[in-house]
2 protein chains.
Amino acid sequence: MAALRDPAEHLALALTQGGMQRMTARVLAALLFTEQDTLTAGEITESLTISSGSVSTALKSLTSVGLIEKVPAPGSRREHFRFREGAWATLMSEQNQLVKVMREAAEQGITATGEDSVAGRRLGEMRDFYDYLWRELPALIDRWKAQR
Amino acid sequence: MAALRDPAEHLALALTQGGMQRMTARVLAALLFTEQDTLTAGEITESLTISSGSVSTALKSLTSVGLIEKVPAPGSRREHFRFREGAWATLMSEQNQLVKVMREAAEQGITATGEDSVAGRRLGEMRDFYDYLWRELPALIDRWKAQR
DNA sequence: TCGAATCTTCAGAGATTTCTGAAGATTCGG
DNA sequence: CCGAATCTTCAGAAATCTCTGAAGATTCGA
């Protein structure tokens with residue numbers, strides 16, 4: 001596989017498996033692997049050989065979820081971007097939204113079937129599990145932040 | 001949205017967001033929401049109005065990851081399936097594979113860039129984070145299992 | 001304020017994924 | 001061992017998602 005020859009592409013692939021858009025993942029990987037402190041949209045466009053449109057969309061989306069940040073660049077007309085401190089914890093928290101969705105789906109199911117039905121009991125187990133994660137995962141991330 | 005009227009479909013949608021195939025998610029939801037203890041492939045095919053091929057593929061895949069199980073059904077020629085005890089913890093563990101992939105991608109990046117480069121330091125942070133999760137998440141799940 | 005450089009948006013081409021349907025394999029009662 | 005019931009597989013149709021390219025918007029120095 002070509003990705004194994006290129007660690008940045010390999011990392012992008014892993015991010016893709018986690019649900020990230022392919023071009024977005026490649027842009028993030030570029031920001032991780034550069035030896036510069038920041039990169040401009042133009043530099044990314046050139047180094048990945050993808051359209052400026054894709055880069056723009058990717059940067060917008062990565063910024064909005066807090067994985068990267070715009071860096072004021074005096075003396076340059078272009079926007080500079082940088083991988084953000086603590087971004088991994090942010091990404092993890094993003095993914096915890098899914099835990100919330102699962103818990104709510106279970107809750108809704110219980111409302112529909114009733115607590116004491118066969119299905120209601122199955123869904124109760126599900127709700128309890130995601131409830132537990134919803135409480136414990138943020139604590140886990142906090143412990144990480146603390147020990148840094 | 002129609003899904004909000006039908007809790008089973010809503011749950012299937014949530015599973016889909018987590019990366020599960022749509023028909024596979026619907027089959028799993030059917031097994032969760034039924035008032036029976038088990039369902040046959042035929043019953044699922046009928047209640048979801050999807051092709052028998054999709055049901056067969058879905059059941060195969062759900063069985064292989066341990067979310068459901070075949071139940072021996074004396075006196076019936078058909079296979080019976082049931083949502084599996086502790087399946088949610090299993091699903092969670094599945095998803096932790098991604099943590100491992102991320103850690104390895106970081107490690108590989110460090111090997112390529114060197115520990116002391118700018119990129120190497122960024123990747124070091126990434127590696128440490130996923131390393132932490134890789135150690136702590138199984139413990140979190142174990143605590144859940146213990147407290148049941 | 002003007003204009004060059006840069007960025008954003010979005011329609012549609014292209015790539016990918018998903019589902020179906022039907023042919024063939026399997027299973028089990030008789 | 002036969003045959004009806006059931007299950008599996010897979011080619012290709014259909015649906016979906018992704019990326020590009022170019023038109024228009026924006027920004028900032030002069």
# chains A, B, ... in the order shown; residues from 1 in each chain; ligands from 1
$ residues_around --residues "DA23 (chain C)" --least-positions-apart "4" --cutoff "12 Å" --atoms "only C-alpha atoms (C1' of nucleotides)" --output "PyMOL selection string"
chain D and resi 8-11
$ closest_atom_pairs --of "chain D" --to "chain B" --cutoff "8 Å" --atoms "only C-alpha atoms (C1' of nucleotides)" --output "CSV"
residue,atom,partner,partner_atom,distance
D:DA5,C1',B:Arg77,CA,7.9
D:DT6,C1',B:Arg78,CA,6.7
D:DC7,C1',B:Ser56,CA,7.3
D:DT8,C1',B:Ser56,CA,7.1
$ calpha_fit_and_write --fixed "chain A" --moving "chain B" --output "PDB file with C-alpha atoms, in the first residue's frame"
ATOM      1  CA  MET B   1      -0.144   0.006   0.023  1.00  0.00           C
ATOM      2  CA  ALA B   2       1.210   3.401  -0.921  1.00  0.00           C
ATOM      3  CA  ALA B   3      -0.011   4.921   2.330  1.00  0.00           C
ATOM      4  CA  LEU B   4       2.561   2.936   4.247  1.00  0.00           C
ATOM      5  CA  ARG B   5       5.317   4.705   2.373  1.00  0.00           C
ATOM      6  CA  ASP B   6       3.919   8.067   3.284  1.00  0.00           C
ATOM      7  CA  PRO B   7       3.189   8.511   6.989  1.00  0.00           C
ATOM      8  CA  ALA B   8       1.129  11.641   6.424  1.00  0.00           C
ATOM      9  CA  GLU B   9      -1.194   9.818   4.056  1.00  0.00           C
ATOM     10  CA  HIS B  10      -1.394   6.942   6.460  1.00  0.00           C
ATOM     11  CA  LEU B  11      -2.482   9.241   9.230  1.00  0.00           C
ATOM     12  CA  ALA B  12      -5.038  10.830   6.934  1.00  0.00           C
ATOM     13  CA  LEU B  13      -6.424   7.386   6.239  1.00  0.00           C
ATOM     14  CA  ALA B  14      -6.814   6.709   9.950  1.00  0.00           C
ATOM     15  CA  LEU B  15      -8.690   9.970  10.413  1.00  0.00           C
ATOM     16  CA  THR B  16     -10.907   8.986   7.509  1.00  0.00           C
ATOM     17  CA  GLN B  17     -11.814   5.767   9.272  1.00  0.00           C
ATOM     18  CA  GLY B  18     -12.955   7.895  12.154  1.00  0.00           C
ATOM     19  CA  GLY B  19     -15.434   9.618   9.870  1.00  0.00           C
ATOM     20  CA  MET B  20     -13.465  12.605   8.618  1.00  0.00           C
ATOM     21  CA  GLN B  21     -13.725  13.690   4.997  1.00  0.00           C
ATOM     22  CA  ARG B  22     -10.757  12.511   2.976  1.00  0.00           C
ATOM     23  CA  MET B  23      -9.503  15.888   1.829  1.00  0.00           C
ATOM     24  CA  THR B  24     -10.123  17.354   5.250  1.00  0.00           C
ATOM     25  CA  ALA B  25      -8.047  14.577   6.767  1.00  0.00           C
ATOM     26  CA  ARG B  26      -5.236  15.199   4.308  1.00  0.00           C
ATOM     27  CA  VAL B  27      -5.219  18.888   5.129  1.00  0.00           C
ATOM     28  CA  LEU B  28      -5.050  18.143   8.845  1.00  0.00           C
ATOM     29  CA  ALA B  29      -2.226  15.694   8.254  1.00  0.00           C
ATOM     30  CA  ALA B  30      -0.343  18.315   6.255  1.00  0.00           C
ATOM     31  CA  LEU B  31      -0.580  20.711   9.194  1.00  0.00           C
ATOM     32  CA  LEU B  32       0.679  17.994  11.522  1.00  0.00           C
ATOM     33  CA  PHE B  33       3.607  16.929   9.417  1.00  0.00           C
ATOM     34  CA  THR B  34       4.959  20.270   8.317  1.00  0.00           C
ATOM     35  CA  GLU B  35       8.226  21.491   9.785  1.00  0.00           C
ATOM     36  CA  GLN B  36       6.893  25.033   9.653  1.00  0.00           C
ATOM     37  CA  ASP B  37       4.871  26.491  12.467  1.00  0.00           C
ATOM     38  CA  THR B  38       1.981  27.441  10.206  1.00  0.00           C
ATOM     39  CA  LEU B  39       0.832  26.866   6.636  1.00  0.00           C
ATOM     40  CA  THR B  40      -1.220  28.984   4.263  1.00  0.00           C
ATOM     41  CA  ALA B  41      -4.084  27.706   2.148  1.00  0.00           C
ATOM     42  CA  GLY B  42      -1.904  28.199  -0.922  1.00  0.00           C
ATOM     43  CA  GLU B  43       0.920  26.086   0.494  1.00  0.00           C
ATOM     44  CA  ILE B  44      -1.490  23.290   1.305  1.00  0.00           C
ATOM     45  CA  THR B  45      -3.129  23.444  -2.101  1.00  0.00           C
ATOM     46  CA  GLU B  46       0.229  23.119  -3.718  1.00  0.00           C
ATOM     47  CA  SER B  47       1.680  20.375  -1.565  1.00  0.00           C
ATOM     48  CA  LEU B  48      -1.360  18.133  -1.752  1.00  0.00           C
ATOM     49  CA  THR B  49      -2.241  18.958  -5.377  1.00  0.00           C
ATOM     50  CA  ILE B  50      -5.910  19.411  -4.666  1.00  0.00           C
ATOM     51  CA  SER B  51      -8.299  22.171  -5.586  1.00  0.00           C
ATOM     52  CA  SER B  52      -8.342  25.425  -3.686  1.00  0.00           C
ATOM     53  CA  GLY B  53     -12.030  24.826  -3.097  1.00  0.00           C
ATOM     54  CA  SER B  54     -11.366  21.626  -1.215  1.00  0.00           C
ATOM     55  CA  VAL B  55      -8.723  23.310   0.904  1.00  0.00           C
ATOM     56  CA  SER B  56     -11.012  26.184   1.724  1.00  0.00           C
ATOM     57  CA  THR B  57     -13.817  23.858   2.765  1.00  0.00           C
ATOM     58  CA  ALA B  58     -11.471  21.702   4.811  1.00  0.00           C
ATOM     59  CA  LEU B  59      -9.924  24.635   6.654  1.00  0.00           C
ATOM     60  CA  LYS B  60     -13.336  26.041   7.419  1.00  0.00           C
ATOM     61  CA  SER B  61     -14.554  22.780   8.843  1.00  0.00           C
ATOM     62  CA  LEU B  62     -11.395  22.057  10.853  1.00  0.00           C
ATOM     63  CA  THR B  63     -11.491  25.543  12.299  1.00  0.00           C
ATOM     64  CA  SER B  64     -15.125  25.274  13.255  1.00  0.00           C
ATOM     65  CA  VAL B  65     -14.588  22.097  15.271  1.00  0.00           C
ATOM     66  CA  GLY B  66     -11.519  23.560  16.935  1.00  0.00           C
ATOM     67  CA  LEU B  67      -8.827  21.279  15.541  1.00  0.00           C
ATOM     68  CA  ILE B  68      -6.864  24.082  13.904  1.00  0.00           C
ATOM     69  CA  GLU B  69      -6.735  27.821  14.297  1.00  0.00           C
ATOM     70  CA  LYS B  70      -6.122  30.918  12.242  1.00  0.00           C
ATOM     71  CA  VAL B  71      -2.932  32.666  13.150  1.00  0.00           C
ATOM     72  CA  PRO B  72      -2.645  36.399  12.593  1.00  0.00           C
ATOM     73  CA  ALA B  73       0.211  36.901  10.166  1.00  0.00           C
ATOM     74  CA  PRO B  74       1.513  40.413  10.021  1.00  0.00           C
ATOM     75  CA  GLY B  75       2.953  41.388   6.698  1.00  0.00           C
ATOM     76  CA  SER B  76       1.119  38.740   4.755  1.00  0.00           C
ATOM     77  CA  ARG B  77      -2.159  38.983   2.976  1.00  0.00           C
ATOM     78  CA  ARG B  78      -2.818  35.301   3.355  1.00  0.00           C
ATOM     79  CA  GLU B  79      -4.369  33.473   6.251  1.00  0.00           C
ATOM     80  CA  HIS B  80      -2.030  31.270   8.240  1.00  0.00           C
ATOM     81  CA  PHE B  81      -3.262  28.092   9.920  1.00  0.00           C
ATOM     82  CA  ARG B  82      -1.838  25.981  12.663  1.00  0.00           C
ATOM     83  CA  PHE B  83      -2.668  22.700  14.368  1.00  0.00           C
ATOM     84  CA  ARG B  84      -4.197  23.602  17.675  1.00  0.00           C
ATOM     85  CA  GLU B  85      -2.849  22.857  21.105  1.00  0.00           C
ATOM     86  CA  GLY B  86      -4.996  20.195  22.792  1.00  0.00           C
ATOM     87  CA  ALA B  87      -6.772  19.368  19.563  1.00  0.00           C
ATOM     88  CA  TRP B  88      -6.851  15.645  20.211  1.00  0.00           C
ATOM     89  CA  ALA B  89      -8.891  16.043  23.337  1.00  0.00           C
ATOM     90  CA  THR B  90     -11.217  18.263  21.346  1.00  0.00           C
ATOM     91  CA  LEU B  91     -11.609  15.628  18.675  1.00  0.00           C
ATOM     92  CA  MET B  92     -12.435  13.078  21.330  1.00  0.00           C
ATOM     93  CA  SER B  93     -15.061  15.335  22.841  1.00  0.00           C
ATOM     94  CA  GLU B  94     -16.617  15.786  19.431  1.00  0.00           C
ATOM     95  CA  GLN B  95     -16.977  12.067  19.121  1.00  0.00           C
ATOM     96  CA  ASN B  96     -18.675  11.897  22.496  1.00  0.00           C
ATOM     97  CA  GLN B  97     -21.641  13.635  20.998  1.00  0.00           C
ATOM     98  CA  LEU B  98     -22.449  10.270  19.537  1.00  0.00           C
ATOM     99  CA  VAL B  99     -22.658   8.815  23.026  1.00  0.00           C
ATOM    100  CA  LYS B 100     -25.272  11.388  23.824  1.00  0.00           C
ATOM    101  CA  VAL B 101     -27.247  10.580  20.693  1.00  0.00           C
ATOM    102  CA  MET B 102     -27.194   6.896  21.564  1.00  0.00           C
ATOM    103  CA  ARG B 103     -28.412   7.521  25.073  1.00  0.00           C
ATOM    104  CA  GLU B 104     -31.235   9.689  23.801  1.00  0.00           C
ATOM    105  CA  ALA B 105     -32.241   7.123  21.207  1.00  0.00           C
ATOM    106  CA  ALA B 106     -32.486   4.527  23.969  1.00  0.00           C
ATOM    107  CA  GLU B 107     -34.514   6.850  26.166  1.00  0.00           C
ATOM    108  CA  GLN B 108     -36.907   7.538  23.329  1.00  0.00           C
ATOM    109  CA  GLY B 109     -37.284   3.822  22.719  1.00  0.00           C
ATOM    110  CA  ILE B 110     -38.144   3.217  26.346  1.00  0.00           C
ATOM    111  CA  THR B 111     -40.752   5.920  26.243  1.00  0.00           C
ATOM    112  CA  ALA B 112     -42.349   4.188  23.290  1.00  0.00           C
ATOM    113  CA  THR B 113     -42.184   0.601  24.530  1.00  0.00           C
ATOM    114  CA  GLY B 114     -42.593   1.079  28.253  1.00  0.00           C
ATOM    115  CA  GLU B 115     -40.072   0.205  30.966  1.00  0.00           C
ATOM    116  CA  ASP B 116     -41.396  -3.265  31.625  1.00  0.00           C
ATOM    117  CA  SER B 117     -41.676  -4.721  28.172  1.00  0.00           C
ATOM    118  CA  VAL B 118     -39.074  -7.103  26.780  1.00  0.00           C
ATOM    119  CA  ALA B 119     -37.749  -4.414  24.476  1.00  0.00           C
ATOM    120  CA  GLY B 120     -37.934  -1.865  27.275  1.00  0.00           C
ATOM    121  CA  ARG B 121     -35.568  -3.931  29.367  1.00  0.00           C
ATOM    122  CA  ARG B 122     -33.065  -4.292  26.508  1.00  0.00           C
ATOM    123  CA  LEU B 123     -33.212  -0.581  25.892  1.00  0.00           C
ATOM    124  CA  GLY B 124     -32.794   0.078  29.591  1.00  0.00           C
ATOM    125  CA  GLU B 125     -29.463  -1.679  29.525  1.00  0.00           C
ATOM    126  CA  MET B 126     -28.443   0.370  26.546  1.00  0.00           C
ATOM    127  CA  ARG B 127     -29.474   3.597  28.215  1.00  0.00           C
ATOM    128  CA  ASP B 128     -27.552   2.744  31.375  1.00  0.00           C
ATOM    129  CA  PHE B 129     -24.393   1.972  29.416  1.00  0.00           C
ATOM    130  CA  TYR B 130     -24.378   5.181  27.435  1.00  0.00           C
ATOM    131  CA  ASP B 131     -25.327   7.093  30.523  1.00  0.00           C
ATOM    132  CA  TYR B 132     -22.228   5.726  32.201  1.00  0.00           C
ATOM    133  CA  LEU B 133     -20.004   6.700  29.289  1.00  0.00           C
ATOM    134  CA  TRP B 134     -21.564  10.120  29.131  1.00  0.00           C
ATOM    135  CA  ARG B 135     -20.585  10.674  32.762  1.00  0.00           C
ATOM    136  CA  GLU B 136     -17.172   9.037  32.692  1.00  0.00           C
ATOM    137  CA  LEU B 137     -15.631  10.059  29.392  1.00  0.00           C
ATOM    138  CA  PRO B 138     -15.372  13.776  30.134  1.00  0.00           C
ATOM    139  CA  ALA B 139     -13.712  12.873  33.434  1.00  0.00           C
ATOM    140  CA  LEU B 140     -11.206  10.729  31.577  1.00  0.00           C
ATOM    141  CA  ILE B 141     -10.305  13.593  29.284  1.00  0.00           C
ATOM    142  CA  ASP B 142     -10.013  15.962  32.212  1.00  0.00           C
ATOM    143  CA  ARG B 143      -7.565  13.630  33.900  1.00  0.00           C
ATOM    144  CA  TRP B 144      -5.477  13.694  30.752  1.00  0.00           C
ATOM    145  CA  LYS B 145      -5.465  17.454  30.651  1.00  0.00           C
ATOM    146  CA  ALA B 146      -4.538  17.595  34.329  1.00  0.00           C
ATOM    147  CA  GLN B 147      -1.567  15.283  34.080  1.00  0.00           C
ATOM    148  CA  ARG B 148       0.058  17.348  31.324  1.00  0.00           C
TER     149      ARG B 148
END
$ interface_residues --of "chain C" --to "chain B" --cutoff "12 Å" --atoms "only C-alpha atoms (C1' of nucleotides)" --output "list in words"
DT17, DT18, DC19, DT20, DG21, DA22, DT26, DT27, DC28 and DG29 of chain C
$ write_last_selection --atoms "N, CA and C atoms (P, O5', C5', C4', C3', O3' and C1' of nucleotides)" --output "compact mmCIF listing (two decimals), in the first residue's frame"
# COMPACT_ATOMS: atom_id res chain seq x y z
P DT C 17 -15.83 3.35 -1.03
O5' DT C 17 -17.40 3.24 -0.76
C5' DT C 17 -18.10 4.40 -0.35
C4' DT C 17 -19.56 4.07 -0.19
C3' DT C 17 -19.84 2.75 0.51
O3' DT C 17 -20.80 3.04 1.50
C1' DT C 17 -20.98 2.81 -1.56
P DT C 18 -21.36 1.95 2.50
O5' DT C 18 -22.73 1.58 1.82
C5' DT C 18 -23.68 2.60 1.54
C4' DT C 18 -24.86 1.98 0.86
C3' DT C 18 -25.35 0.69 1.51
O3' DT C 18 -26.71 0.91 1.81
C1' DT C 18 -25.13 0.41 -0.84
P DC C 19 -27.62 -0.12 2.55
O5' DC C 19 -28.40 -0.79 1.36
C5' DC C 19 -29.26 0.05 0.57
C4' DC C 19 -29.83 -0.76 -0.56
C3' DC C 19 -30.51 -2.06 -0.11
O3' DC C 19 -31.89 -1.94 -0.41
C1' DC C 19 -28.99 -2.42 -1.95
P DT C 20 -32.88 -3.20 -0.17
O5' DT C 20 -32.89 -3.86 -1.62
C5' DT C 20 -33.14 -3.02 -2.74
C4' DT C 20 -32.98 -3.80 -4.02
C3' DT C 20 -33.83 -5.07 -4.09
O3' DT C 20 -34.51 -5.02 -5.33
C1' DT C 20 -31.55 -5.56 -4.58
P DG C 21 -35.87 -5.86 -5.51
O5' DG C 21 -35.37 -7.04 -6.46
C5' DG C 21 -34.59 -6.70 -7.60
C4' DG C 21 -33.99 -7.97 -8.16
C3' DG C 21 -34.90 -9.20 -8.06
O3' DG C 21 -34.74 -9.90 -9.27
C1' DG C 21 -32.85 -9.66 -7.00
P DA C 22 -35.80 -11.01 -9.74
O5' DA C 22 -34.84 -12.09 -10.39
C5' DA C 22 -33.55 -11.70 -10.87
C4' DA C 22 -32.58 -12.83 -10.61
C3' DA C 22 -33.23 -14.22 -10.58
O3' DA C 22 -32.31 -15.12 -11.13
C1' DA C 22 -32.11 -13.89 -8.60
P DT C 26 -22.78 -25.64 -0.46
O5' DT C 26 -23.96 -25.64 0.60
C5' DT C 26 -24.16 -24.48 1.40
C4' DT C 26 -25.39 -24.70 2.24
C3' DT C 26 -25.42 -26.02 3.01
O3' DT C 26 -25.62 -25.70 4.37
C1' DT C 26 -27.48 -25.65 1.93
P DT C 27 -25.25 -26.75 5.52
O5' DT C 27 -26.64 -26.95 6.24
C5' DT C 27 -27.53 -25.83 6.37
C4' DT C 27 -28.93 -26.36 6.51
C3' DT C 27 -29.02 -27.68 7.29
O3' DT C 27 -29.81 -27.43 8.42
C1' DT C 27 -30.33 -27.75 5.30
P DC C 28 -29.78 -28.37 9.69
O5' DC C 28 -31.18 -29.10 9.52
C5' DC C 28 -32.35 -28.31 9.32
C4' DC C 28 -33.47 -29.20 8.84
C3' DC C 28 -33.55 -30.54 9.57
O3' DC C 28 -34.91 -30.79 9.81
C1' DC C 28 -33.45 -30.92 7.26
P DG C 29 -35.31 -31.65 11.11
O5' DG C 29 -36.79 -32.08 10.68
C5' DG C 29 -37.68 -31.09 10.15
C4' DG C 29 -38.58 -31.74 9.11
C3' DG C 29 -39.22 -33.05 9.58
O3' DG C 29 -40.55 -33.07 9.08
C1' DG C 29 -37.90 -33.46 7.63
$ select_by_dssp --residues "chain A" --states "alpha helix (DSSP H)" --output "PyMOL selection string"
chain A and resi 7-17+22-33+41-48+52-64+87-113+118-146
